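Step one of this worksheet: look at the structure below.
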Amino acid sequence: MTDNIKPNATSCKLERSEKKLTALSRSDELMPLAQVLSEKPYTQAFDLAEKVALSISYNGINFAVMLVTPCDIEDFIVGFSLSNHIVEHPRQLYGIEIAHHNEHINADVEISNQAFWKLKEKKRQMTGVSGCGLCGIEALESAMPELTPLNASLIKTQLPTLNSGWFKGLRGLISSAQVQAKVTGAVHAALYIDTKRNVLACREDIGRHNAFDKLIGAIAVKQLYLPENVVVLTSRCSLELVQKAIRAKLGILVTLSAPTALSVKWANRYGVTLIHVPKHDPPRAYAPHA
């Protein structure tokens with residue numbers, strides 16, 4: 001199946017709905033049987049999280065092969081392109097063509113000539129991000145790039161809105177927003193939430209980097225961005241996730257697991273407020289120049 005998609009809010013919204021139903025229906029068809037090892041063993045089918053290979057080409061040149069959960073692919077491509085600095089703005093994405101196969105997906109992305117020339121200068125041939133997210137990078141400059149700082153003073157004026165009460169029941173709010181996690185229990189989530197705790201977007205993937213890229217794409221395509229809105233990640237916060245937030249100009253990043261010291265250092269250096277929400281203790285906000 002092939003879809004020709006222009007990165008605008010209407011088409012992506014329609015495609016997202018179709019892809020989600022497709023992904024879930026495929027899970028139903030392929031549910032494996034497992035033997036439950038109880039006192040009286042029995043066999044039962046269980047839903048499992050899906051993962052397929054996604055090959056991304058820009059203007060006909062293969063750039064990356066990622067392992068992704070096969071839903072919200074268009075959001076992922078937009079977010080991946082922005083967070084990896086392949087394009088500087090969604091308007092540099094001219095078209096996305098998706099081709100579904102049995103166990104893989106091909107994505108042909110058309111970008112502006114300016115973005116394409118910049119892309120060809122990159123020395124890294126990416127093979128997907130996993131683990132620490134930095135493995136396979138050829139140069140230290142690629143792993144620790146100079147980025148453009150955010151307007152930290154603008155973000156800090158919104159922090160009083162996020163008092164301790166804002167975080168109460170956050171895990172329940174996340175759980176109610178997730179779709180695939182209810183079925184498989186094996187996916188990460190990235191959410192975009194406003195100061196009144198309305199969930200504006202929720203994207204899921206078996207890969208934490210992929211989930212965040214999908215969210216970045218959804219924010220850009222649906223034009224959801226406001227500086228006071230909050231990104232919430234169910235995964236641990238590592239350096240490369242902070243770098244994605246900086247590039248996408250997302251100034252408030254909330255994680256359910258503790259960040260690394262390097263993540264806090266980079267977040268503070270570039271104007272991102274990093275908030276860790278422990279399960280049983282009060283939230284801990286690492287604000288720039290605090």
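Here's how to read the names in the structure tokens: chain A, B, ... by the order shown, residue numbers from 1 in each chain, ligand numbers from 1 in the order shown.
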Inset, instruction - Would you return as number ranges by chain the members of range 30-246 of chain A that DSSP assigns to strand (DSSP E) on this structure's backbone? - result: A: 33-36, 42-45, 52-58, 61-68, 93-100, 104-111, 188-193, 199-205, 230-233
Legend entry - Test item: residues at most 9 Å from range 169-173 of chain A, only C-alpha atoms, excluding those fewer than 5 positions along its chain, as number ranges by chain: A: 178, 197, 199, 234, 256, 277, 279
Legend entry - Residue with smallest distance to Ala190 in chain A - pool A:Gln223, A:Ser164, A:Thr255, A:Thr148, counting only C-alpha atoms: A:Thr255
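The protein and nucleic acid residues lying at most 8 Å from Asp75 in chain A are A:Cys12, A:Asp72, A:Val78, A:Gly79, A:Asp213, A:Lys214, A:Leu215, A:Ile216, A:Gly217, A:Ala218, A:Val221, with only C-alpha atoms considered and sequence neighbours fewer than 3 positions away removed.
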Inset, instruction - One decimal, Å: what's the distance from CA of His104 in chain A over to CA of Val68 in chain A, could you say? - result: 9.6 Å
